[in-house]
Structures are given as C-alpha cells and as structure tokens.
2 protein chains.
Amino acid sequence: MDRSGAPYTPQTAAADVEATLLILEGRWKLLILFHLFDGSLRRFSDLERAIPAVSQKMLIQQLRQLETDGVVRRVVHHQVPPKVEYGLTDWGRALCPALDAILVWAAKREGG
Amino acid sequence: MDRSGAPYTPQTAAADVEATLLILEGRWKLLILFHLFDGSLRRFSDLERAIPAVSQKMLIQQLRQLETDGVVRRVVHHQVPPKVEYGLTDWGRALCPALDAILVWAAKREGG
DNA sequence: CAGCATCCGGAGCGATACTG
DNA sequence: CAGTATCGCTCCGGATGCTG
C-alpha cells in the first residue's frame with residue numbers, strides 16, 4: 001500500500017481499514033489466528049483437530065491467504081512423514097492486542 | 001449463553017470465542033461497526049453513503065443481525081418521511097477497544 | 001426515506017477421491 | 001501427514017421494482 005507522503009484523511013483512513021478488514025475476512029481466519037495467538041507453532045493436523053468444523057480444503061485455503069497477506073508464516077520440515085507448522089509473523093503478532101480485546105469482549109457476554 | 005456454574009475449560013472458551021466470532025462475521029459488519037465506532041447515531045442513508053460498495057439489501061441484513069445479536073440498536077422516529085437511526089448498544093460499545101486495536105494494527109501496515 | 005419481495009448468476013464450501 | 005483435484009450444490013449477494 002503506497003501511501004508515500006499522501007495526506008491522511010478520513011477517506012484514506014477508511015480505505016486502509018477496509019483493506020485491512022479484507023485480510024481478516026473469511027469464515028475461519030480469526031478462529032485460526034486465535035489458535036496461533038500464544039505464539040506457538042501448530043501443525044496442519046493440529047489445526048484440523050482444533051477446528052473440527054472446518055474442512056481440509058477451507059483450512060488450507062484460509063491459511064494460504066493469511067500467509068500471502070503476511071500474517072501467518074509456514075514452516076516446512078523436509079522429512080517423512082511430512083511436517084508443516086504454522087505460526088504468526090511479526091506483523092501477525094502485532095494483531096495480538098486486537099485478538100485479546102475480542103477475547104475480553106467475548107467474556108463479557110456471560111458476565112453481563 | 002447459559003454457562004451456569006460450568007467449569008471454564010479451554011474447550012468452553014473456544015466455543016465462546018467461536019460463538020462470538022459468528023456475531024462479527026459477515027462481509028460488512030466490522031465496517032458498519034467502524035462507522036458507529038464514535039458512538040454517534042447514523043441514519044440508514046448515511047451508512048449507505050459511507051459504505052458505497054454495500055447494497056441496500058446487504059446493509060439492512062447485516063444491521064438486522066447485529067441488532068438481533070445485541071450489538072447495534074435501532075432508533076425509529078415515527079414521522080414522515082421516515083427516519084431510522086442506528087447506534088451501538090452498551091455491549092456494542094464494549095467492542096470499541098477491540099475495534100481500536102484493529103485500527104492500530106491497520107496503521108502499522110504502511111509504517112512497517 | 002427506509003425497507004421488503006423477487007429473480008438469478010456465481011462464488012463459496014463440503015464431500016470425496018487421489019498424490020507425494 | 002499434508003496437501004491437490006474435481007464435482008455438485010447451497011446460498012450469498014447484486015439488480016430491480018414496489019410499499020408505507
């Protein structure tokens with residue numbers, strides 16, 4: 001996103017937010033991010049088990065998009081059987097406060 | 001969500017998060033919430049203009065769902081021509097820290 | 001102005017089978 | 001284990017027109 005020296009207006013701000021939301025958008029992305037929240041590396045099959053409702057196809061698709069968008073990194077261990085782990089990038093880790101805030105909000109549902 | 005005295009386990013936590021994310025899920029919901037972020041009341045046509053890419057149908061649908069889920073409140077002014085305003089509920093306002101955190105994150109994209 | 005009803009094309013997604 | 005490929009259907013969501 002080349003904003004080189006352009007003035008910061010509510011319009012550009014809105015466009016940025018919109019672009020950013022596109023990254024988070026997707027039926028499973030936030031859920032996936034919550035499982036990587038603690039900074040740990042998780043295997044593909046781990047995530048599959050952690051989110052039973054997601055299909056293999058969707059899981060890999062959403063992971064790929066998150067990877068392309070620079071939120072998630074993919075660590076391939078060249079061995080048999082194959083082992084691939086997923087974790088947050090530095091920028092992805094910067095999302096933690098936001099995820100945490102959502103967590104706090106979720107907790108307020110029952111508590112009132 | 002009836003969690004009356006049930007033990008708080010990672011599983012129930014995950015379920016809660018999942019349920020909460022369902023509320024935020026939807027192509028336009030977060031965007032709508034950002035426009036109500038400052039606590040102001042916005043008319044239907046205001047939101048339409050603020051989010052040009054959303055169709056009338058989608059806008060009303062997402063607003064209804066947010067209303068049903070208790071995040072947004074609908075204020076009807078009985079007059080002609082009709083006037084309906086939308087704003088955050090108390091619980092919706094509790095989302096602000098999370099929205100703010102996302103805003104901060106979005107700002108980090110260009111800054112590096 | 002605010003919102004509902006209807007039509008309809010295409011994206012999204014699950015299920016299944018197959019590969020390295 | 002970690003994917004890819006293909007099929008088939010659901011339903012999302014845009015366009016249009018109508019109502020109070």
# chains A, B, ... in the order shown; residues from 1 in each chain; ligands from 1

call {"tool": "interface_residues", "arguments": {"of": "chain C", "to": "chain B", "cutoff": "8 Å", "atoms": "only C-alpha atoms (C1' of nucleotides)", "output": "list in words"}}
result
DC1, DA2 and DG3 of chain C

call {"tool": "write_last_selection", "arguments": {"atoms": "N, CA, C and O atoms (P, O5', C5', C4', C3', O3' and C1' of nucleotides)", "output": "compact mmCIF listing (two decimals), in the first residue's frame"}}
result
# COMPACT_ATOMS: atom_id res chain seq x y z
P DC C 1 -33.91 10.69 0.50
O5' DC C 1 -34.72 10.00 1.68
C5' DC C 1 -34.82 10.71 2.90
C4' DC C 1 -35.34 9.76 3.95
C3' DC C 1 -34.45 8.53 4.16
O3' DC C 1 -34.40 8.25 5.56
C1' DC C 1 -36.63 7.86 3.45
P DA C 2 -33.32 7.19 6.11
O5' DA C 2 -34.13 5.82 6.18
C5' DA C 2 -35.26 5.76 7.03
C4' DA C 2 -35.98 4.46 6.83
C3' DA C 2 -35.09 3.21 6.83
O3' DA C 2 -35.62 2.28 7.75
C1' DA C 2 -36.49 3.20 4.92
P DG C 3 -34.84 0.93 8.08
O5' DG C 3 -35.49 -0.07 7.05
C5' DG C 3 -36.88 -0.28 7.17
C4' DG C 3 -37.36 -1.03 5.98
C3' DG C 3 -36.66 -2.37 5.77
O3' DG C 3 -37.52 -3.37 6.25
C1' DG C 3 -37.27 -1.24 3.75

call {"tool": "interface_residues", "arguments": {"of": "chain B", "to": "chain A", "cutoff": "8 Å", "atoms": "only C-alpha atoms", "output": "list in words"}}
result
Met1, Asp2, Arg3, Asp16, Val17, Glu18, Thr20, Leu21, Glu25, Gly26, Arg27, Leu30, Leu31, Ala94, Leu95, Pro97, Ala98, Leu99, Asp100, Ala101, Ile102, Leu103, Trp105, Ala106, Ala107, Arg109 and Glu110 of chain B

call {"tool": "calpha_fit_and_write", "arguments": {"fixed": "chain A", "moving": "chain B", "output": "mmCIF file with N, CA and C atoms, in the first residue's frame"}}
result
data_model
loop_
_atom_site.group_PDB
_atom_site.id
_atom_site.type_symbol
_atom_site.label_atom_id
_atom_site.label_comp_id
_atom_site.auth_asym_id
_atom_site.auth_seq_id
_atom_site.Cartn_x
_atom_site.Cartn_y
_atom_site.Cartn_z
ATOM 1 N N MET B 1 0.936 -1.292 0.275
ATOM 2 C CA MET B 1 0.114 -0.075 0.239
ATOM 3 C C MET B 1 0.975 1.178 0.149
ATOM 4 N N ASP B 2 1.040 1.773 -0.990
ATOM 5 C CA ASP B 2 1.921 2.916 -1.208
ATOM 6 C C ASP B 2 1.232 4.226 -0.857
ATOM 7 N N ARG B 3 1.534 4.714 0.296
ATOM 8 C CA ARG B 3 0.888 5.945 0.724
ATOM 9 C C ARG B 3 1.928 7.067 0.800
ATOM 10 N N SER B 4 2.912 6.998 -0.082
ATOM 11 C CA SER B 4 4.087 7.871 -0.004
ATOM 12 C C SER B 4 3.736 9.352 0.073
ATOM 13 N N GLY B 5 3.660 9.822 1.262
ATOM 14 C CA GLY B 5 3.493 11.253 1.452
ATOM 15 C C GLY B 5 2.108 11.786 1.195
ATOM 16 N N ALA B 6 1.178 10.912 0.860
ATOM 17 C CA ALA B 6 -0.182 11.372 0.629
ATOM 18 C C ALA B 6 -0.784 11.863 1.942
ATOM 19 N N PRO B 7 -1.670 12.845 1.837
ATOM 20 C CA PRO B 7 -2.283 13.372 3.059
ATOM 21 C C PRO B 7 -3.146 12.311 3.727
ATOM 22 N N TYR B 8 -3.199 12.335 5.023
ATOM 23 C CA TYR B 8 -3.985 11.360 5.766
ATOM 24 C C TYR B 8 -5.368 11.917 6.042
ATOM 25 N N THR B 9 -6.315 11.471 5.295
ATOM 26 C CA THR B 9 -7.674 11.961 5.426
ATOM 27 C C THR B 9 -8.560 10.842 5.935
ATOM 28 N N PRO B 10 -9.746 11.197 6.423
ATOM 29 C CA PRO B 10 -10.687 10.159 6.819
ATOM 30 C C PRO B 10 -10.938 9.160 5.692
ATOM 31 N N GLN B 11 -10.895 9.629 4.462
ATOM 32 C CA GLN B 11 -11.145 8.750 3.322
ATOM 33 C C GLN B 11 -10.038 7.708 3.178
ATOM 34 N N THR B 12 -8.798 8.158 3.206
ATOM 35 C CA THR B 12 -7.702 7.199 3.074
ATOM 36 C C THR B 12 -7.698 6.263 4.268
ATOM 37 N N ALA B 13 -8.038 6.805 5.436
ATOM 38 C CA ALA B 13 -8.103 5.964 6.624
ATOM 39 C C ALA B 13 -9.150 4.878 6.435
ATOM 40 N N ALA B 14 -10.301 5.266 5.932
ATOM 41 C CA ALA B 14 -11.362 4.305 5.701
ATOM 42 C C ALA B 14 -10.922 3.231 4.719
ATOM 43 N N ALA B 15 -10.219 3.667 3.692
ATOM 44 C CA ALA B 15 -9.740 2.717 2.696
ATOM 45 C C ALA B 15 -8.758 1.729 3.319
ATOM 46 N N ASP B 16 -7.893 2.235 4.176
ATOM 47 C CA ASP B 16 -6.919 1.375 4.839
ATOM 48 C C ASP B 16 -7.619 0.352 5.719
ATOM 49 N N VAL B 17 -8.572 0.823 6.472
ATOM 50 C CA VAL B 17 -9.318 -0.079 7.342
ATOM 51 C C VAL B 17 -9.992 -1.159 6.512
ATOM 52 N N GLU B 18 -10.592 -0.718 5.428
ATOM 53 C CA GLU B 18 -11.277 -1.643 4.538
ATOM 54 C C GLU B 18 -10.321 -2.711 4.022
ATOM 55 N N ALA B 19 -9.163 -2.261 3.574
ATOM 56 C CA ALA B 19 -8.166 -3.201 3.057
ATOM 57 C C ALA B 19 -7.713 -4.160 4.139
ATOM 58 N N THR B 20 -7.557 -3.638 5.331
ATOM 59 C CA THR B 20 -7.124 -4.484 6.442
ATOM 60 C C THR B 20 -8.188 -5.505 6.816
ATOM 61 N N LEU B 21 -9.439 -5.053 6.805
ATOM 62 C CA LEU B 21 -10.520 -5.969 7.164
ATOM 63 C C LEU B 21 -10.624 -7.111 6.170
ATOM 64 N N LEU B 22 -10.275 -6.824 4.916
ATOM 65 C CA LEU B 22 -10.311 -7.876 3.911
ATOM 66 C C LEU B 22 -9.392 -9.020 4.293
ATOM 67 N N ILE B 23 -8.289 -8.682 4.941
ATOM 68 C CA ILE B 23 -7.332 -9.702 5.366
ATOM 69 C C ILE B 23 -7.934 -10.609 6.426
ATOM 70 N N LEU B 24 -8.656 -9.988 7.349
ATOM 71 C CA LEU B 24 -9.240 -10.753 8.458
ATOM 72 C C LEU B 24 -10.517 -11.470 8.042
ATOM 73 N N GLU B 25 -11.062 -11.069 6.912
ATOM 74 C CA GLU B 25 -12.331 -11.616 6.491
ATOM 75 C C GLU B 25 -12.186 -13.051 6.015
ATOM 76 N N GLY B 26 -13.162 -13.834 6.352
ATOM 77 C CA GLY B 26 -13.123 -15.239 5.986
ATOM 78 C C GLY B 26 -13.636 -16.046 7.152
ATOM 79 N N ARG B 27 -14.455 -16.987 6.811
ATOM 80 C CA ARG B 27 -15.171 -17.772 7.804
ATOM 81 C C ARG B 27 -14.289 -18.312 8.928
ATOM 82 N N TRP B 28 -13.020 -18.580 8.666
ATOM 83 C CA TRP B 28 -12.210 -19.300 9.652
ATOM 84 C C TRP B 28 -10.971 -18.560 10.107
ATOM 85 N N LYS B 29 -10.686 -17.436 9.492
ATOM 86 C CA LYS B 29 -9.392 -16.796 9.743
ATOM 87 C C LYS B 29 -9.183 -16.380 11.193
ATOM 88 N N LEU B 30 -10.149 -15.692 11.747
ATOM 89 C CA LEU B 30 -9.974 -15.253 13.136
ATOM 90 C C LEU B 30 -9.840 -16.455 14.063
ATOM 91 N N LEU B 31 -10.605 -17.476 13.765
ATOM 92 C CA LEU B 31 -10.544 -18.682 14.579
ATOM 93 C C LEU B 31 -9.150 -19.301 14.513
ATOM 94 N N ILE B 32 -8.609 -19.355 13.319
ATOM 95 C CA ILE B 32 -7.248 -19.870 13.142
ATOM 96 C C ILE B 32 -6.264 -19.022 13.933
ATOM 97 N N LEU B 33 -6.409 -17.726 13.805
ATOM 98 C CA LEU B 33 -5.484 -16.825 14.488
ATOM 99 C C LEU B 33 -5.542 -17.005 15.999
ATOM 100 N N PHE B 34 -6.739 -17.282 16.503
ATOM 101 C CA PHE B 34 -6.858 -17.497 17.943
ATOM 102 C C PHE B 34 -6.071 -18.721 18.382
ATOM 103 N N HIS B 35 -5.948 -19.669 17.485
ATOM 104 C CA HIS B 35 -5.211 -20.881 17.846
ATOM 105 C C HIS B 35 -3.700 -20.694 17.720
ATOM 106 N N LEU B 36 -3.292 -19.607 17.067
ATOM 107 C CA LEU B 36 -1.862 -19.310 16.957
ATOM 108 C C LEU B 36 -1.504 -18.152 17.876
ATOM 109 N N PHE B 37 -2.512 -17.680 18.567
ATOM 110 C CA PHE B 37 -2.456 -16.507 19.411
ATOM 111 C C PHE B 37 -1.271 -16.522 20.380
ATOM 112 N N ASP B 38 -1.036 -17.681 20.986
ATOM 113 C CA ASP B 38 -0.006 -17.767 22.030
ATOM 114 C C ASP B 38 1.411 -17.827 21.462
ATOM 115 N N GLY B 39 1.531 -17.712 20.152
ATOM 116 C CA GLY B 39 2.864 -17.687 19.562
ATOM 117 C C GLY B 39 3.432 -19.061 19.236
ATOM 118 N N SER B 40 2.656 -20.086 19.523
ATOM 119 C CA SER B 40 3.147 -21.433 19.268
ATOM 120 C C SER B 40 3.052 -21.791 17.785
ATOM 121 N N LEU B 41 3.852 -22.767 17.408
ATOM 122 C CA LEU B 41 3.750 -23.310 16.063
ATOM 123 C C LEU B 41 2.791 -24.499 16.104
ATOM 124 N N ARG B 42 1.869 -24.520 15.138
ATOM 125 C CA ARG B 42 0.890 -25.609 15.125
ATOM 126 C C ARG B 42 0.941 -26.332 13.800
ATOM 127 N N ARG B 43 0.878 -27.630 13.870
ATOM 128 C CA ARG B 43 0.869 -28.435 12.658
ATOM 129 C C ARG B 43 -0.492 -28.349 11.980
ATOM 130 N N PHE B 44 -0.474 -28.664 10.706
ATOM 131 C CA PHE B 44 -1.721 -28.654 9.939
ATOM 132 C C PHE B 44 -2.771 -29.535 10.613
ATOM 133 N N SER B 45 -2.373 -30.740 10.966
ATOM 134 C CA SER B 45 -3.329 -31.675 11.581
ATOM 135 C C SER B 45 -3.766 -31.201 12.962
ATOM 136 N N ASP B 46 -2.904 -30.465 13.635
ATOM 137 C CA ASP B 46 -3.294 -29.886 14.925
ATOM 138 C C ASP B 46 -4.471 -28.935 14.741
ATOM 139 N N LEU B 47 -4.309 -28.068 13.763
ATOM 140 C CA LEU B 47 -5.358 -27.083 13.502
ATOM 141 C C LEU B 47 -6.643 -27.770 13.064
ATOM 142 N N GLU B 48 -6.469 -28.819 12.278
ATOM 143 C CA GLU B 48 -7.639 -29.575 11.839
ATOM 144 C C GLU B 48 -8.418 -30.097 13.042
ATOM 145 N N ARG B 49 -7.691 -30.615 14.004
ATOM 146 C CA ARG B 49 -8.344 -31.169 15.173
ATOM 147 C C ARG B 49 -8.904 -30.066 16.073
ATOM 148 N N ALA B 50 -8.188 -28.945 16.110
ATOM 149 C CA ALA B 50 -8.611 -27.841 16.975
ATOM 150 C C ALA B 50 -9.891 -27.183 16.465
ATOM 151 N N ILE B 51 -10.094 -27.229 15.153
ATOM 152 C CA ILE B 51 -11.279 -26.616 14.556
ATOM 153 C C ILE B 51 -12.015 -27.681 13.753
ATOM 154 N N PRO B 52 -12.734 -28.529 14.432
ATOM 155 C CA PRO B 52 -13.353 -29.689 13.781
ATOM 156 C C PRO B 52 -14.314 -29.308 12.653
ATOM 157 N N ALA B 53 -14.919 -28.154 12.769
ATOM 158 C CA ALA B 53 -15.952 -27.783 11.801
ATOM 159 C C ALA B 53 -15.381 -27.359 10.451
ATOM 160 N N VAL B 54 -14.093 -27.105 10.399
ATOM 161 C CA VAL B 54 -13.521 -26.645 9.131
ATOM 162 C C VAL B 54 -13.092 -27.840 8.283
ATOM 163 N N SER B 55 -13.337 -27.725 6.984
ATOM 164 C CA SER B 55 -12.897 -28.777 6.083
ATOM 165 C C SER B 55 -11.439 -28.545 5.721
ATOM 166 N N GLN B 56 -10.795 -29.614 5.281
ATOM 167 C CA GLN B 56 -9.392 -29.537 4.884
ATOM 168 C C GLN B 56 -9.187 -28.436 3.841
ATOM 169 N N LYS B 57 -10.076 -28.444 2.899
ATOM 170 C CA LYS B 57 -9.972 -27.482 1.800
ATOM 171 C C LYS B 57 -10.002 -26.043 2.297
ATOM 172 N N MET B 58 -10.953 -25.771 3.157
ATOM 173 C CA MET B 58 -11.086 -24.425 3.691
ATOM 174 C C MET B 58 -9.887 -24.048 4.550
ATOM 175 N N LEU B 59 -9.450 -25.001 5.352
ATOM 176 C CA LEU B 59 -8.340 -24.721 6.249
ATOM 177 C C LEU B 59 -7.095 -24.314 5.461
ATOM 178 N N ILE B 60 -6.781 -25.101 4.460
ATOM 179 C CA ILE B 60 -5.576 -24.779 3.680
ATOM 180 C C ILE B 60 -5.762 -23.472 2.919
ATOM 181 N N GLN B 61 -6.980 -23.240 2.457
ATOM 182 C CA GLN B 61 -7.244 -22.018 1.702
ATOM 183 C C GLN B 61 -7.062 -20.775 2.572
ATOM 184 N N GLN B 62 -7.616 -20.835 3.768
ATOM 185 C CA GLN B 62 -7.530 -19.681 4.646
ATOM 186 C C GLN B 62 -6.098 -19.472 5.134
ATOM 187 N N LEU B 63 -5.406 -20.581 5.376
ATOM 188 C CA LEU B 63 -4.007 -20.467 5.787
ATOM 189 C C LEU B 63 -3.175 -19.826 4.688
ATOM 190 N N ARG B 64 -3.423 -20.236 3.461
ATOM 191 C CA ARG B 64 -2.678 -19.680 2.333
ATOM 192 C C ARG B 64 -2.900 -18.172 2.201
ATOM 193 N N GLN B 65 -4.146 -17.791 2.360
ATOM 194 C CA GLN B 65 -4.447 -16.370 2.237
ATOM 195 C C GLN B 65 -3.786 -15.576 3.360
ATOM 196 N N LEU B 66 -3.844 -16.112 4.548
ATOM 197 C CA LEU B 66 -3.207 -15.437 5.673
ATOM 198 C C LEU B 66 -1.699 -15.358 5.437
ATOM 199 N N GLU B 67 -1.161 -16.402 4.824
ATOM 200 C CA GLU B 67 0.270 -16.413 4.539
ATOM 201 C C GLU B 67 0.605 -15.358 3.482
ATOM 202 N N THR B 68 -0.200 -15.333 2.434
ATOM 203 C CA THR B 68 -0.001 -14.346 1.366
ATOM 204 C C THR B 68 -0.078 -12.921 1.911
ATOM 205 N N ASP B 69 -0.979 -12.731 2.855
ATOM 206 C CA ASP B 69 -1.163 -11.394 3.411
ATOM 207 C C ASP B 69 -0.149 -11.068 4.507
ATOM 208 N N GLY B 70 0.742 -12.033 4.763
ATOM 209 C CA GLY B 70 1.832 -11.736 5.691
ATOM 210 C C GLY B 70 1.484 -11.819 7.153
ATOM 211 N N VAL B 71 0.394 -12.471 7.465
ATOM 212 C CA VAL B 71 -0.013 -12.588 8.864
ATOM 213 C C VAL B 71 0.513 -13.889 9.464
ATOM 214 N N VAL B 72 0.524 -14.914 8.627
ATOM 215 C CA VAL B 72 0.947 -16.237 9.078
ATOM 216 C C VAL B 72 2.173 -16.680 8.291
ATOM 217 N N ARG B 73 3.064 -17.386 8.961
ATOM 218 C CA ARG B 73 4.210 -17.938 8.238
ATOM 219 C C ARG B 73 4.129 -19.452 8.275
ATOM 220 N N ARG B 74 4.687 -20.023 7.223
ATOM 221 C CA ARG B 74 4.604 -21.469 7.019
ATOM 222 C C ARG B 74 6.008 -22.031 7.153
ATOM 223 N N VAL B 75 6.172 -23.000 8.039
ATOM 224 C CA VAL B 75 7.477 -23.607 8.272
ATOM 225 C C VAL B 75 7.447 -25.050 7.797
ATOM 226 N N VAL B 76 8.197 -25.326 6.729
ATOM 227 C CA VAL B 76 8.199 -26.674 6.170
ATOM 228 C C VAL B 76 9.420 -27.445 6.660
ATOM 229 N N HIS B 77 9.177 -28.602 7.226
ATOM 230 C CA HIS B 77 10.269 -29.489 7.624
ATOM 231 C C HIS B 77 10.382 -30.573 6.564
ATOM 232 N N HIS B 78 11.515 -30.584 5.870
ATOM 233 C CA HIS B 78 11.682 -31.564 4.799
ATOM 234 C C HIS B 78 12.046 -32.915 5.393
ATOM 235 N N GLN B 79 11.046 -33.753 5.506
ATOM 236 C CA GLN B 79 11.235 -35.069 6.100
ATOM 237 C C GLN B 79 10.044 -35.924 5.737
ATOM 238 N N VAL B 80 10.205 -37.226 5.947
ATOM 239 C CA VAL B 80 9.067 -38.112 5.760
ATOM 240 C C VAL B 80 8.738 -38.803 7.074
ATOM 241 N N PRO B 81 7.473 -38.782 7.436
ATOM 242 C CA PRO B 81 6.356 -38.107 6.772
ATOM 243 C C PRO B 81 6.489 -36.593 6.866
ATOM 244 N N PRO B 82 5.873 -35.895 5.919
ATOM 245 C CA PRO B 82 5.966 -34.434 5.872
ATOM 246 C C PRO B 82 5.521 -33.800 7.184
ATOM 247 N N LYS B 83 6.109 -32.659 7.454
ATOM 248 C CA LYS B 83 5.692 -31.921 8.637
ATOM 249 C C LYS B 83 5.708 -30.434 8.313
ATOM 250 N N VAL B 84 4.588 -29.802 8.445
ATOM 251 C CA VAL B 84 4.477 -28.371 8.164
ATOM 252 C C VAL B 84 3.863 -27.693 9.371
ATOM 253 N N GLU B 85 4.470 -26.610 9.782
ATOM 254 C CA GLU B 85 3.931 -25.886 10.928
ATOM 255 C C GLU B 85 3.558 -24.468 10.532
ATOM 256 N N TYR B 86 2.598 -23.958 11.257
ATOM 257 C CA TYR B 86 2.152 -22.590 11.006
ATOM 258 C C TYR B 86 2.277 -21.755 12.278
ATOM 259 N N GLY B 87 2.676 -20.508 12.077
ATOM 260 C CA GLY B 87 2.793 -19.592 13.204
ATOM 261 C C GLY B 87 2.547 -18.175 12.735
ATOM 262 N N LEU B 88 2.582 -17.256 13.657
ATOM 263 C CA LEU B 88 2.372 -15.855 13.312
ATOM 264 C C LEU B 88 3.665 -15.216 12.834
ATOM 265 N N THR B 89 3.554 -14.298 11.920
ATOM 266 C CA THR B 89 4.699 -13.465 11.556
ATOM 267 C C THR B 89 4.802 -12.341 12.587
ATOM 268 N N ASP B 90 5.819 -11.514 12.427
ATOM 269 C CA ASP B 90 5.946 -10.379 13.346
ATOM 270 C C ASP B 90 4.701 -9.499 13.278
ATOM 271 N N TRP B 91 4.290 -9.262 12.065
ATOM 272 C CA TRP B 91 3.111 -8.416 11.896
ATOM 273 C C TRP B 91 1.870 -9.118 12.447
ATOM 274 N N GLY B 92 1.816 -10.413 12.265
ATOM 275 C CA GLY B 92 0.715 -11.178 12.813
ATOM 276 C C GLY B 92 0.671 -11.076 14.329
ATOM 277 N N ARG B 93 1.852 -11.102 14.919
ATOM 278 C CA ARG B 93 1.915 -10.997 16.371
ATOM 279 C C ARG B 93 1.386 -9.647 16.844
ATOM 280 N N ALA B 94 1.523 -8.658 15.997
ATOM 281 C CA ALA B 94 1.033 -7.320 16.341
ATOM 282 C C ALA B 94 -0.490 -7.288 16.442
ATOM 283 N N LEU B 95 -1.115 -8.346 15.969
ATOM 284 C CA LEU B 95 -2.571 -8.441 16.044
ATOM 285 C C LEU B 95 -3.042 -8.880 17.423
ATOM 286 N N CYS B 96 -2.139 -9.424 18.195
ATOM 287 C CA CYS B 96 -2.510 -10.011 19.483
ATOM 288 C C CYS B 96 -3.340 -9.088 20.385
ATOM 289 N N PRO B 97 -2.962 -7.838 20.517
ATOM 290 C CA PRO B 97 -3.787 -6.948 21.336
ATOM 291 C C PRO B 97 -5.237 -6.911 20.863
ATOM 292 N N ALA B 98 -5.421 -6.905 19.554
ATOM 293 C CA ALA B 98 -6.770 -6.886 19.013
ATOM 294 C C ALA B 98 -7.501 -8.188 19.340
ATOM 295 N N LEU B 99 -6.832 -9.298 19.135
ATOM 296 C CA LEU B 99 -7.440 -10.592 19.448
ATOM 297 C C LEU B 99 -7.786 -10.666 20.930
ATOM 298 N N ASP B 100 -6.874 -10.151 21.723
ATOM 299 C CA ASP B 100 -7.088 -10.143 23.164
ATOM 300 C C ASP B 100 -8.329 -9.322 23.521
ATOM 301 N N ALA B 101 -8.468 -8.186 22.883
ATOM 302 C CA ALA B 101 -9.610 -7.312 23.146
ATOM 303 C C ALA B 101 -10.919 -8.010 22.780
ATOM 304 N N ILE B 102 -10.887 -8.754 21.704
ATOM 305 C CA ILE B 102 -12.083 -9.498 21.309
ATOM 306 C C ILE B 102 -12.399 -10.572 22.339
ATOM 307 N N LEU B 103 -11.351 -11.208 22.832
ATOM 308 C CA LEU B 103 -11.499 -12.213 23.881
ATOM 309 C C LEU B 103 -12.178 -11.609 25.107
ATOM 310 N N VAL B 104 -11.709 -10.450 25.490
ATOM 311 C CA VAL B 104 -12.288 -9.749 26.637
ATOM 312 C C VAL B 104 -13.765 -9.458 26.387
ATOM 313 N N TRP B 105 -14.032 -9.015 25.182
ATOM 314 C CA TRP B 105 -15.410 -8.693 24.813
ATOM 315 C C TRP B 105 -16.290 -9.941 24.878
ATOM 316 N N ALA B 106 -15.771 -11.036 24.357
ATOM 317 C CA ALA B 106 -16.504 -12.301 24.360
ATOM 318 C C ALA B 106 -16.852 -12.707 25.791
ATOM 319 N N ALA B 107 -15.910 -12.471 26.702
ATOM 320 C CA ALA B 107 -16.110 -12.852 28.097
ATOM 321 C C ALA B 107 -17.232 -12.041 28.736
ATOM 322 N N LYS B 108 -17.458 -10.842 28.198
ATOM 323 C CA LYS B 108 -18.486 -9.963 28.776
ATOM 324 C C LYS B 108 -19.902 -10.419 28.448
ATOM 325 N N ARG B 109 -20.031 -11.350 27.537
ATOM 326 C CA ARG B 109 -21.373 -11.775 27.130
ATOM 327 C C ARG B 109 -22.124 -12.415 28.284
ATOM 328 N N GLU B 110 -21.451 -13.359 28.940
ATOM 329 C CA GLU B 110 -22.135 -14.043 30.040
ATOM 330 C C GLU B 110 -22.162 -13.166 31.281
ATOM 331 N N GLY B 111 -21.024 -12.573 31.557
ATOM 332 C CA GLY B 111 -20.935 -11.740 32.736
ATOM 333 C C GLY B 111 -21.991 -10.647 32.750
ATOM 334 N N GLY B 112 -22.467 -10.256 31.617
ATOM 335 C CA GLY B 112 -23.460 -9.187 31.546
ATOM 336 C C GLY B 112 -22.724 -7.927 31.249
#

call {"tool": "interface_residues", "arguments": {"of": "chain D", "to": "chain B", "cutoff": "10 Å", "atoms": "only C-alpha atoms (C1' of nucleotides)", "output": "list of chain:residue names"}}
result
D:DC12, D:DG13, D:DG14, D:DA15, D:DG20

call {"tool": "select_by_dssp", "arguments": {"residues": "range 23-103 of chain A", "states": "strand (DSSP E or B)", "output": "number ranges by chain"}}
result
A: 42-43, 72-77, 83-88

call {"tool": "atom_distance", "arguments": {"atom1": "C1' of DG12 in chain C", "atom2": "C1' of DT4 in chain D"}}
result
17.8 Å

call {"tool": "atom_distance", "arguments": {"atom1": "C1' of DC11 in chain D", "atom2": "C1' of DC18 in chain C"}}
result
28.8 Å

call {"tool": "select_by_dssp", "arguments": {"residues": "chain A", "states": "alpha helix (DSSP H)", "output": "ChimeraX atom specification"}}
result
/A:10-24,29-36,44-50,56-68,90-93,96-111

call {"tool": "atom_distance", "arguments": {"atom1": "C1' of DA5 in chain C", "atom2": "C1' of DC9 in chain D"}}
result
24.1 Å
